[in-house]
$ cat input25.pdb   # PDB, C-alpha atoms, pLDDT in the B column
ATOM      1  CA  MET A   1     -61.773  19.031 -13.832  1.00 93.00           C
ATOM      2  CA  ILE A   2     -65.111  17.792 -12.588  1.00 96.00           C
ATOM      3  CA  LEU A   3     -67.592  20.058 -10.840  1.00 97.00           C
ATOM      4  CA  VAL A   4     -69.081  18.226  -7.860  1.00 98.00           C
ATOM      5  CA  LEU A   5     -72.380  19.664  -6.633  1.00 98.00           C
ATOM      6  CA  TRP A   6     -73.216  18.398  -3.164  1.00 98.00           C
ATOM      7  CA  ASP A   7     -76.726  18.444  -1.767  1.00 98.00           C
ATOM      8  CA  ILE A   8     -76.785  19.260   1.961  1.00 98.00           C
ATOM      9  CA  ASP A   9     -79.779  17.997   3.951  1.00 96.00           C
ATOM     10  CA  ARG A  10     -79.915  14.201   4.381  1.00 96.00           C
ATOM     11  CA  THR A  11     -76.927  13.823   2.068  1.00 98.00           C
ATOM     12  CA  LEU A  12     -74.209  15.419   4.205  1.00 98.00           C
ATOM     13  CA  LEU A  13     -76.029  16.222   7.427  1.00 98.00           C
ATOM     14  CA  TYR A  14     -79.297  16.011   9.291  1.00 97.00           C
ATOM     15  CA  THR A  15     -80.635  18.741  11.544  1.00 95.00           C
ATOM     16  CA  GLY A  16     -83.796  17.056  12.787  1.00 92.00           C
ATOM     17  CA  ASP A  17     -86.715  19.396  13.433  1.00 91.00           C
ATOM     18  CA  ILE A  18     -84.713  22.623  13.524  1.00 95.00           C
ATOM     19  CA  ASP A  19     -85.791  23.723  10.035  1.00 92.00           C
ATOM     20  CA  ARG A  20     -89.408  22.969  10.856  1.00 91.00           C
ATOM     21  CA  ARG A  21     -89.105  24.938  14.100  1.00 93.00           C
ATOM     22  CA  VAL A  22     -87.747  27.888  12.135  1.00 95.00           C
ATOM     23  CA  TYR A  23     -90.584  27.623   9.610  1.00 93.00           C
ATOM     24  CA  ARG A  24     -93.118  27.519  12.440  1.00 94.00           C
ATOM     25  CA  GLU A  25     -91.708  30.510  14.309  1.00 96.00           C
ATOM     26  CA  THR A  26     -91.262  32.657  11.217  1.00 96.00           C
ATOM     27  CA  PHE A  27     -94.737  31.836   9.908  1.00 96.00           C
ATOM     28  CA  THR A  28     -96.245  32.751  13.269  1.00 97.00           C
ATOM     29  CA  ASP A  29     -94.409  36.074  13.425  1.00 96.00           C
ATOM     30  CA  VAL A  30     -95.227  37.075   9.857  1.00 97.00           C
ATOM     31  CA  VAL A  31     -98.765  35.729   9.477  1.00 96.00           C
ATOM     32  CA  GLY A  32     -99.848  36.369  13.037  1.00 96.00           C
ATOM     33  CA  ARG A  33    -100.988  32.853  13.925  1.00 96.00           C
ATOM     34  CA  PRO A  34     -99.251  29.490  14.290  1.00 96.00           C
ATOM     35  CA  PRO A  35     -99.371  27.059  11.350  1.00 95.00           C
ATOM     36  CA  THR A  36    -101.391  23.876  11.615  1.00 92.00           C
ATOM     37  CA  ALA A  37     -99.426  22.191   8.818  1.00 88.00           C
ATOM     38  CA  LEU A  38     -95.685  22.204   8.073  1.00 86.00           C
ATOM     39  CA  PRO A  39     -93.629  21.355   4.940  1.00 79.00           C
ATOM     40  CA  ALA A  40     -93.148  17.666   4.176  1.00 78.00           C
ATOM     41  CA  ARG A  41     -89.857  16.166   5.303  1.00 75.00           C
ATOM     42  CA  GLY A  42     -87.004  15.216   3.000  1.00 71.00           C
ATOM     43  CA  THR A  43     -88.529  16.231  -0.326  1.00 80.00           C
ATOM     44  CA  GLY A  44     -85.654  18.377  -1.546  1.00 82.00           C
ATOM     45  CA  VAL A  45     -87.995  21.180  -2.612  1.00 87.00           C
ATOM     46  CA  THR A  46     -86.464  24.652  -2.472  1.00 92.00           C
ATOM     47  CA  MET A  47     -87.211  26.814   0.553  1.00 92.00           C
ATOM     48  CA  PRO A  48     -89.150  29.498  -1.383  1.00 93.00           C
ATOM     49  CA  LEU A  49     -91.458  26.838  -2.830  1.00 93.00           C
ATOM     50  CA  ALA A  50     -91.775  25.147   0.565  1.00 92.00           C
ATOM     51  CA  VAL A  51     -92.845  28.492   2.059  1.00 94.00           C
ATOM     52  CA  ARG A  52     -95.504  28.950  -0.611  1.00 93.00           C
ATOM     53  CA  GLU A  53     -96.762  25.417   0.013  1.00 93.00           C
ATOM     54  CA  LEU A  54     -96.800  26.202   3.725  1.00 93.00           C
ATOM     55  CA  LEU A  55     -98.958  29.273   3.177  1.00 95.00           C
ATOM     56  CA  ALA A  56    -101.363  27.384   0.926  1.00 94.00           C
ATOM     57  CA  ALA A  57    -101.634  24.463   3.345  1.00 93.00           C
ATOM     58  CA  ASN A  58    -102.531  26.893   6.107  1.00 95.00           C
ATOM     59  CA  ARG A  59    -105.187  28.609   4.032  1.00 94.00           C
ATOM     60  CA  VAL A  60    -103.518  31.972   3.698  1.00 95.00           C
ATOM     61  CA  PRO A  61    -105.508  33.938   1.071  1.00 94.00           C
ATOM     62  CA  PRO A  62    -103.758  33.809  -2.328  1.00 92.00           C
ATOM     63  CA  ALA A  63    -103.904  37.591  -2.580  1.00 94.00           C
ATOM     64  CA  ASP A  64    -101.669  37.856   0.486  1.00 94.00           C
ATOM     65  CA  SER A  65     -99.378  34.905  -0.193  1.00 93.00           C
ATOM     66  CA  GLU A  66     -96.693  36.484  -2.363  1.00 94.00           C
ATOM     67  CA  ALA A  67     -95.911  39.360  -0.008  1.00 96.00           C
ATOM     68  CA  LEU A  68     -95.996  37.100   3.050  1.00 97.00           C
ATOM     69  CA  ALA A  69     -93.835  34.488   1.325  1.00 95.00           C
ATOM     70  CA  ASN A  70     -91.193  37.090   0.502  1.00 96.00           C
ATOM     71  CA  ARG A  71     -91.125  38.275   4.123  1.00 97.00           C
ATOM     72  CA  ILE A  72     -90.779  34.721   5.457  1.00 96.00           C
ATOM     73  CA  VAL A  73     -88.028  33.810   2.981  1.00 96.00           C
ATOM     74  CA  GLU A  74     -86.114  36.962   3.877  1.00 96.00           C
ATOM     75  CA  GLN A  75     -86.185  36.087   7.575  1.00 96.00           C
ATOM     76  CA  LEU A  76     -85.410  32.351   7.446  1.00 96.00           C
ATOM     77  CA  PRO A  77     -81.582  32.457   7.253  1.00 96.00           C
ATOM     78  CA  GLN A  78     -81.191  34.989  10.070  1.00 95.00           C
ATOM     79  CA  ARG A  79     -83.581  33.052  12.284  1.00 95.00           C
ATOM     80  CA  LEU A  80     -81.725  29.803  11.584  1.00 96.00           C
ATOM     81  CA  GLN A  81     -78.462  31.500  12.571  1.00 95.00           C
ATOM     82  CA  GLN A  82     -79.982  31.997  16.016  1.00 95.00           C
ATOM     83  CA  TYR A  83     -79.999  28.213  16.348  1.00 95.00           C
ATOM     84  CA  ARG A  84     -76.301  27.806  15.615  1.00 94.00           C
ATOM     85  CA  GLU A  85     -75.562  26.243  19.010  1.00 95.00           C
ATOM     86  CA  LEU A  86     -78.444  23.815  18.630  1.00 96.00           C
ATOM     87  CA  LEU A  87     -77.335  22.979  15.091  1.00 97.00           C
ATOM     88  CA  ALA A  88     -73.868  22.189  16.391  1.00 96.00           C
ATOM     89  CA  THR A  89     -75.059  20.042  19.299  1.00 96.00           C
ATOM     90  CA  ASN A  90     -78.136  18.341  17.829  1.00 95.00           C
ATOM     91  CA  GLY A  91     -77.202  18.256  14.156  1.00 97.00           C
ATOM     92  CA  VAL A  92     -75.587  15.112  12.788  1.00 97.00           C
ATOM     93  CA  VAL A  93     -72.963  14.679  10.083  1.00 98.00           C
ATOM     94  CA  LEU A  94     -74.084  11.593   8.194  1.00 98.00           C
ATOM     95  CA  PRO A  95     -71.850   8.500   8.026  1.00 98.00           C
ATOM     96  CA  GLY A  96     -68.868   8.995   5.737  1.00 98.00           C
ATOM     97  CA  ALA A  97     -69.835  12.537   4.757  1.00 98.00           C
ATOM     98  CA  ALA A  98     -66.895  14.364   6.326  1.00 98.00           C
ATOM     99  CA  GLU A  99     -64.402  11.856   4.942  1.00 98.00           C
ATOM    100  CA  ALA A 100     -65.972  12.013   1.485  1.00 98.00           C
ATOM    101  CA  LEU A 101     -65.980  15.814   1.474  1.00 98.00           C
ATOM    102  CA  SER A 102     -62.385  15.936   2.623  1.00 98.00           C
ATOM    103  CA  ALA A 103     -61.235  13.460  -0.038  1.00 98.00           C
ATOM    104  CA  VAL A 104     -63.008  15.286  -2.848  1.00 98.00           C
ATOM    105  CA  HIS A 105     -61.660  18.608  -1.579  1.00 98.00           C
ATOM    106  CA  ARG A 106     -58.059  17.327  -1.570  1.00 97.00           C
ATOM    107  CA  ASP A 107     -58.253  15.704  -4.998  1.00 96.00           C
ATOM    108  CA  GLY A 108     -57.128  18.120  -7.686  1.00 94.00           C
ATOM    109  CA  ARG A 109     -59.480  16.596 -10.255  1.00 94.00           C
ATOM    110  CA  PHE A 110     -62.575  17.977  -8.554  1.00 97.00           C
ATOM    111  CA  VAL A 111     -64.171  21.354  -7.865  1.00 97.00           C
ATOM    112  CA  PRO A 112     -66.522  20.844  -4.885  1.00 98.00           C
ATOM    113  CA  THR A 113     -69.436  23.145  -4.124  1.00 98.00           C
ATOM    114  CA  VAL A 114     -73.164  22.831  -3.399  1.00 98.00           C
ATOM    115  CA  VAL A 115     -76.485  22.895  -5.193  1.00 98.00           C
ATOM    116  CA  THR A 116     -79.197  23.016  -2.568  1.00 97.00           C
ATOM    117  CA  GLY A 117     -82.795  23.866  -1.876  1.00 95.00           C
ATOM    118  CA  ASN A 118     -81.541  25.930   1.060  1.00 96.00           C
ATOM    119  CA  LEU A 119     -81.178  29.678   0.867  1.00 97.00           C
ATOM    120  CA  ARG A 120     -77.499  30.599   0.872  1.00 97.00           C
ATOM    121  CA  GLY A 121     -77.507  31.930   4.437  1.00 97.00           C
ATOM    122  CA  SER A 122     -79.222  28.786   5.688  1.00 97.00           C
ATOM    123  CA  ALA A 123     -76.787  26.532   3.823  1.00 98.00           C
ATOM    124  CA  GLU A 124     -73.814  28.362   5.297  1.00 97.00           C
ATOM    125  CA  ALA A 125     -75.275  28.185   8.819  1.00 97.00           C
ATOM    126  CA  LYS A 126     -75.692  24.407   8.659  1.00 98.00           C
ATOM    127  CA  LEU A 127     -72.350  23.641   7.032  1.00 98.00           C
ATOM    128  CA  ASP A 128     -70.452  25.965   9.351  1.00 97.00           C
ATOM    129  CA  ALA A 129     -72.124  24.735  12.537  1.00 97.00           C
ATOM    130  CA  LEU A 130     -71.244  21.129  11.714  1.00 98.00           C
ATOM    131  CA  GLY A 131     -67.678  21.822  10.578  1.00 98.00           C
ATOM    132  CA  LEU A 132     -68.096  21.017   6.876  1.00 98.00           C
ATOM    133  CA  ILE A 133     -67.899  24.412   5.212  1.00 98.00           C
ATOM    134  CA  SER A 134     -64.119  24.397   4.680  1.00 98.00           C
ATOM    135  CA  TYR A 135     -64.389  21.476   2.253  1.00 98.00           C
ATOM    136  CA  LEU A 136     -66.519  23.455  -0.195  1.00 98.00           C
ATOM    137  CA  ASP A 137     -66.199  26.571  -2.317  1.00 98.00           C
ATOM    138  CA  ILE A 138     -69.537  28.021  -1.318  1.00 97.00           C
ATOM    139  CA  THR A 139     -69.000  31.138  -3.466  1.00 98.00           C
ATOM    140  CA  ILE A 140     -69.680  29.163  -6.656  1.00 98.00           C
ATOM    141  CA  GLY A 141     -72.680  27.168  -5.417  1.00 98.00           C
ATOM    142  CA  GLY A 142     -76.290  27.318  -6.519  1.00 98.00           C
ATOM    143  CA  TYR A 143     -78.854  28.222  -3.864  1.00 98.00           C
ATOM    144  CA  ALA A 144     -82.605  28.636  -3.586  1.00 96.00           C
ATOM    145  CA  SER A 145     -81.929  32.330  -3.010  1.00 95.00           C
ATOM    146  CA  ASP A 146     -80.667  32.403  -6.626  1.00 97.00           C
ATOM    147  CA  ASN A 147     -83.701  30.686  -8.134  1.00 96.00           C
ATOM    148  CA  SER A 148     -86.598  28.737  -6.630  1.00 94.00           C
ATOM    149  CA  HIS A 149     -86.538  26.324  -9.616  1.00 95.00           C
ATOM    150  CA  ARG A 150     -83.963  23.815  -8.499  1.00 95.00           C
ATOM    151  CA  PRO A 151     -82.721  22.566 -11.926  1.00 97.00           C
ATOM    152  CA  ALA A 152     -81.790  26.161 -12.797  1.00 98.00           C
ATOM    153  CA  LEU A 153     -79.247  26.105  -9.967  1.00 98.00           C
ATOM    154  CA  VAL A 154     -76.997  23.708 -11.888  1.00 98.00           C
ATOM    155  CA  ARG A 155     -76.349  26.231 -14.644  1.00 98.00           C
ATOM    156  CA  ILE A 156     -75.848  28.973 -12.060  1.00 98.00           C
ATOM    157  CA  ALA A 157     -73.152  26.922 -10.301  1.00 98.00           C
ATOM    158  CA  GLN A 158     -71.566  25.911 -13.618  1.00 98.00           C
ATOM    159  CA  ASP A 159     -71.310  29.528 -14.750  1.00 98.00           C
ATOM    160  CA  ARG A 160     -69.849  30.616 -11.414  1.00 98.00           C
ATOM    161  CA  ALA A 161     -67.311  27.803 -11.495  1.00 98.00           C
ATOM    162  CA  GLU A 162     -66.366  28.645 -15.071  1.00 98.00           C
ATOM    163  CA  ALA A 163     -65.765  32.281 -14.110  1.00 98.00           C
ATOM    164  CA  VAL A 164     -63.343  31.179 -11.378  1.00 97.00           C
ATOM    165  CA  HIS A 165     -61.584  28.238 -13.067  1.00 97.00           C
ATOM    166  CA  GLY A 166     -61.750  29.173 -16.735  1.00 97.00           C
ATOM    167  CA  ILE A 167     -63.273  25.807 -17.647  1.00 96.00           C
ATOM    168  CA  HIS A 168     -66.648  25.274 -19.290  1.00 97.00           C
ATOM    169  CA  PHE A 169     -68.806  22.979 -17.172  1.00 97.00           C
ATOM    170  CA  ASP A 170     -71.747  21.050 -18.570  1.00 96.00           C
ATOM    171  CA  ARG A 171     -73.296  17.595 -18.249  1.00 95.00           C
ATOM    172  CA  GLU A 172     -70.029  15.979 -19.376  1.00 94.00           C
ATOM    173  CA  ASN A 173     -68.051  17.221 -16.369  1.00 96.00           C
ATOM    174  CA  THR A 174     -70.656  18.009 -13.687  1.00 97.00           C
ATOM    175  CA  VAL A 175     -71.956  15.596 -11.057  1.00 98.00           C
ATOM    176  CA  ILE A 176     -74.631  16.044  -8.383  1.00 98.00           C
ATOM    177  CA  VAL A 177     -74.432  14.001  -5.183  1.00 98.00           C
ATOM    178  CA  GLY A 178     -77.816  13.963  -3.442  1.00 98.00           C
ATOM    179  CA  ASP A 179     -80.425  11.869  -1.689  1.00 97.00           C
ATOM    180  CA  SER A 180     -83.825  12.903  -3.032  1.00 95.00           C
ATOM    181  CA  LEU A 181     -85.903  12.586  -6.172  1.00 96.00           C
ATOM    182  CA  GLU A 182     -85.509  16.351  -6.522  1.00 95.00           C
ATOM    183  CA  ASP A 183     -81.737  15.890  -6.684  1.00 97.00           C
ATOM    184  CA  VAL A 184     -82.158  13.366  -9.486  1.00 97.00           C
ATOM    185  CA  ARG A 185     -84.565  15.664 -11.348  1.00 97.00           C
ATOM    186  CA  THR A 186     -82.215  18.592 -10.830  1.00 97.00           C
ATOM    187  CA  GLY A 187     -79.405  16.717 -12.545  1.00 97.00           C
ATOM    188  CA  LEU A 188     -81.492  15.318 -15.388  1.00 97.00           C
ATOM    189  CA  GLU A 189     -83.154  18.629 -16.197  1.00 97.00           C
ATOM    190  CA  GLY A 190     -80.364  20.969 -15.154  1.00 98.00           C
ATOM    191  CA  GLY A 191     -77.415  19.374 -16.926  1.00 97.00           C
ATOM    192  CA  ALA A 192     -75.475  17.104 -14.577  1.00 97.00           C
ATOM    193  CA  ARG A 193     -75.017  13.423 -13.925  1.00 97.00           C
ATOM    194  CA  VAL A 194     -76.307  12.121 -10.614  1.00 97.00           C
ATOM    195  CA  ILE A 195     -74.849  10.008  -7.846  1.00 98.00           C
ATOM    196  CA  ALA A 196     -77.793   9.321  -5.576  1.00 98.00           C
ATOM    197  CA  VAL A 197     -77.263   8.378  -1.948  1.00 98.00           C
ATOM    198  CA  ALA A 198     -80.017   6.429  -0.186  1.00 97.00           C
ATOM    199  CA  SER A 199     -79.443   8.258   3.094  1.00 96.00           C
ATOM    200  CA  GLY A 200     -82.698  10.207   3.098  1.00 93.00           C
ATOM    201  CA  THR A 201     -86.371   9.342   2.815  1.00 93.00           C
ATOM    202  CA  THR A 202     -86.113   7.845  -0.703  1.00 95.00           C
ATOM    203  CA  ASP A 203     -84.915   4.271  -1.111  1.00 95.00           C
ATOM    204  CA  ALA A 204     -82.322   3.052  -3.601  1.00 97.00           C
ATOM    205  CA  SER A 205     -84.789   1.514  -6.048  1.00 98.00           C
ATOM    206  CA  GLN A 206     -86.794   4.742  -6.301  1.00 97.00           C
ATOM    207  CA  LEU A 207     -83.641   6.758  -6.927  1.00 98.00           C
ATOM    208  CA  ARG A 208     -82.499   4.303  -9.575  1.00 98.00           C
ATOM    209  CA  ASP A 209     -85.908   4.251 -11.277  1.00 98.00           C
ATOM    210  CA  ALA A 210     -85.929   8.058 -11.326  1.00 97.00           C
ATOM    211  CA  GLY A 211     -82.794   8.044 -13.490  1.00 97.00           C
ATOM    212  CA  ALA A 212     -79.803   8.361 -11.159  1.00 97.00           C
ATOM    213  CA  ASN A 213     -76.615   7.257 -12.877  1.00 96.00           C
ATOM    214  CA  HIS A 214     -75.313   5.572  -9.737  1.00 97.00           C
ATOM    215  CA  VAL A 215     -76.917   4.821  -6.389  1.00 98.00           C
ATOM    216  CA  LEU A 216     -74.963   4.372  -3.151  1.00 98.00           C
ATOM    217  CA  PRO A 217     -76.329   3.213   0.210  1.00 97.00           C
ATOM    218  CA  ASP A 218     -74.347   5.960   2.008  1.00 97.00           C
ATOM    219  CA  LEU A 219     -71.047   7.846   1.764  1.00 98.00           C
ATOM    220  CA  THR A 220     -68.884   5.477   3.783  1.00 98.00           C
ATOM    221  CA  ASP A 221     -66.984   4.036   0.788  1.00 98.00           C
ATOM    222  CA  THR A 222     -64.816   7.054   0.043  1.00 98.00           C
ATOM    223  CA  ASP A 223     -62.568   5.297  -2.470  1.00 97.00           C
ATOM    224  CA  GLY A 224     -65.573   3.942  -4.313  1.00 97.00           C
ATOM    225  CA  LEU A 225     -67.135   7.395  -4.492  1.00 97.00           C
ATOM    226  CA  LEU A 226     -63.925   8.882  -5.900  1.00 97.00           C
ATOM    227  CA  ARG A 227     -63.764   6.172  -8.569  1.00 95.00           C
ATOM    228  CA  ILE A 228     -67.331   6.838  -9.618  1.00 96.00           C
ATOM    229  CA  LEU A 229     -66.806  10.595  -9.691  1.00 95.00           C
ATOM    230  CA  ALA A 230     -63.700  10.215 -11.825  1.00 90.00           C
ATOM    231  CA  THR A 231     -65.171   7.777 -14.349  1.00 86.00           C
ATOM    232  CA  GLN A 232     -68.899   8.331 -14.721  1.00 64.00           C
ATOM    233  CA  VAL A 233     -68.665  11.491 -16.780  1.00 59.00           C
ATOM    234  CA  HIS A 234     -66.993   9.420 -19.491  1.00 56.00           C
ATOM    235  CA  GLU A 235     -69.798   6.857 -19.631  1.00 52.00           C
ATOM    236  CA  THR A 236     -72.404   6.864 -22.350  1.00 38.00           C
ATOM    237  CA  GLN A 237     -75.117   9.374 -21.599  1.00 41.00           C
TER     238      GLN A 237
END
$ encode --input "input25.pdb" --output "structure tokens"
Amino acid sequence: MILVLWDIDRTLLYTGDIDRRVYRETFTDVVGRPPTALPARGTGVTMPLAVRELLAANRVPPADSEALANRIVEQLPQRLQQYRELLATNGVVLPGAAEALSAVHRDGRFVPTVVTGNLRGSAEAKLDALGLISYLDITIGGYASDNSHRPALVRIAQDRAEAVHGIHFDRENTVIVGDSLEDVRTGLEGGARVIAVASGTTDASQLRDAGANHVLPDLTDTDGLLRILATQVHETQ
């Protein structure tokens, strides 16, 4: 079996400015003033690190940052849940994503879950609102709420999958599908091969140069994706 670790934002779906709105509102409530700078778009950085960058960019004193960061991180998933209707109406499932998820889910060779910079509650809110959650075993995923260091999430997901399926997962039988340089780094450092999808803010040449094993323009070629998933783990590392 092959463990397939899907990234979420800009790989499977796009929620526009909703995340940034949630960051803004939560920062304002916790810090007591609105932010003048917001996290960069499409970087793939984990939410806890994005929150710390947000505090630094808005000149929050370092002595206060850790406690404020923890309060913001704790509130983000619940606040995002309040935008479920907006996620469902304004969020977009990216081309081919639902078909690709469904095909991987149905194929007995694969174990599909997620490795994401989202906190678990935020990941579930997005996937559920856009009708994608049933294609994934979210109980064995790796989330920023597990560890803010994204490469560490690969091993977390592999161990959870092993506990459920009784199979040892490592670089030989684990694949990340993601759109950002962080997804590529996560695979290279964390112990997975990488199928990069140029559906985000990083173009195909950058993803290839960063070390992705395969680069796709999008997820519309479902059969092609399945072939790559099935064969790439047997290629020379």
$ resolve_selection --input "input25.pdb" --expression "the PyMOL selection byres ((chain A and resi 56-69) around 9)" --output "list in words"
Phe27, Val30, Val31, Pro35, Thr36, Ala37, Leu38, Pro39, Pro48, Val51, Arg52, Glu53, Leu54, Leu55, Asn70, Arg71, Ile72, Val73 and Glu74 of chain A
$ write_last_selection --input "input25.pdb" --atoms "C-alpha atoms" --output "tab-separated table (two decimals), in the coordinates of the input"
chain	number	residue	atom	x	y	z
A	27	PHE	CA	-94.74	31.84	9.91
A	30	VAL	CA	-95.23	37.08	9.86
A	31	VAL	CA	-98.76	35.73	9.48
A	35	PRO	CA	-99.37	27.06	11.35
A	36	THR	CA	-101.39	23.88	11.62
A	37	ALA	CA	-99.43	22.19	8.82
A	38	LEU	CA	-95.68	22.20	8.07
A	39	PRO	CA	-93.63	21.36	4.94
A	48	PRO	CA	-89.15	29.50	-1.38
A	51	VAL	CA	-92.84	28.49	2.06
A	52	ARG	CA	-95.50	28.95	-0.61
A	53	GLU	CA	-96.76	25.42	0.01
A	54	LEU	CA	-96.80	26.20	3.72
A	55	LEU	CA	-98.96	29.27	3.18
A	70	ASN	CA	-91.19	37.09	0.50
A	71	ARG	CA	-91.12	38.28	4.12
A	72	ILE	CA	-90.78	34.72	5.46
A	73	VAL	CA	-88.03	33.81	2.98
A	74	GLU	CA	-86.11	36.96	3.88
$ residues_around --input "input25.pdb" --residues "region 131-138 of chain A" --least-positions-apart "4" --cutoff "8 Å" --atoms "all atoms listed in the file" --output "ChimeraX atom specification"
/A:98,101-102,105,111-114,124,127
$ resolve_selection --input "input25.pdb" --expression "the PyMOL selection byres ((chain A and resi 44) around 6)" --output "MDAnalysis selection string"
chainID A and resid 42:43 45 180 182
$ atom_distance --input "input25.pdb" --atom1 "CA of Gln206 (chain A)" --atom2 "CA of Asp183 (chain A)"
12.2 Å
$ atom_distance --input "input25.pdb" --atom1 "CA of Val177 (chain A)" --atom2 "CA of Gln78 (chain A)"
26.8 Å
$ residues_near_point --input "input25.pdb" --point "(-78.6, 23.5, -3.9)" --cutoff "12 Å" --atoms "all atoms listed in the file" --output "ChimeraX atom specification"
/A:4-9,11,44-47,113-124,138,140-157,176-180,182-183,186-187,190
$ atom_distance --input "input25.pdb" --atom1 "CA of Ile228 (chain A)" --atom2 "CA of Thr15 (chain A)"
27.7 Å
$ residues_around --input "input25.pdb" --residues "Thr26 (chain A)" --least-positions-apart "3" --cutoff "8 Å" --atoms "only C-alpha atoms" --output "ChimeraX atom specification"
/A:22-23,29-30,72,75-76,79
$ resolve_selection --input "input25.pdb" --expression "the PyMOL selection byres ((chain A and resi 85-88) around 8)" --output "list in words"
Thr15, Ile18, Gln82, Tyr83, Arg84, Thr89, Asn90, Gly91, Lys126, Ala129 and Leu130 of chain A
$ write_last_selection --input "input25.pdb" --atoms "C-alpha atoms" --output "PDB file, keeping the file's coordinate frame"
ATOM      1  CA  THR A  15     -80.635  18.741  11.544  1.00 95.00           C
ATOM      2  CA  ILE A  18     -84.713  22.623  13.524  1.00 95.00           C
ATOM      3  CA  GLN A  82     -79.982  31.997  16.016  1.00 95.00           C
ATOM      4  CA  TYR A  83     -79.999  28.213  16.348  1.00 95.00           C
ATOM      5  CA  ARG A  84     -76.301  27.806  15.615  1.00 94.00           C
ATOM      6  CA  THR A  89     -75.059  20.042  19.299  1.00 96.00           C
ATOM      7  CA  ASN A  90     -78.136  18.341  17.829  1.00 95.00           C
ATOM      8  CA  GLY A  91     -77.202  18.256  14.156  1.00 97.00           C
ATOM      9  CA  LYS A 126     -75.692  24.407   8.659  1.00 98.00           C
ATOM     10  CA  ALA A 129     -72.124  24.735  12.537  1.00 97.00           C
ATOM     11  CA  LEU A 130     -71.244  21.129  11.714  1.00 98.00           C
TER      12      LEU A 130
END
$ closest_residue --input "input25.pdb" --among "A:Leu49, A:Ala163, A:Ala212, A:Ala103" --to "Leu181 (chain A)" --atoms "all atoms listed in the file"
A:Ala212
$ closest_residue --input "input25.pdb" --among "A:Gly200, A:Gly191, A:Gly16, A:Gly166" --to "Asp218 (chain A)" --atoms "all atoms listed in the file"
A:Gly200
$ closest_residue --input "input25.pdb" --among "A:Ala97, A:Ile2, A:Ala50, A:Val164" --to "Ala192 (chain A)" --atoms "all atoms listed in the file"
A:Ile2
$ residues_around --input "input25.pdb" --residues "Leu229 (chain A)" --least-positions-apart "5" --cutoff "10 Å" --atoms "only C-alpha atoms" --output "PyMOL selection string"
chain A and resi 2-4+104+109-110+173-177+193-195+214+223-224+234
$ closest_residue --input "input25.pdb" --among "A:Thr220, A:Ser199, A:Thr231, A:Thr139" --to "Leu13 (chain A)" --atoms "all atoms listed in the file"
A:Ser199
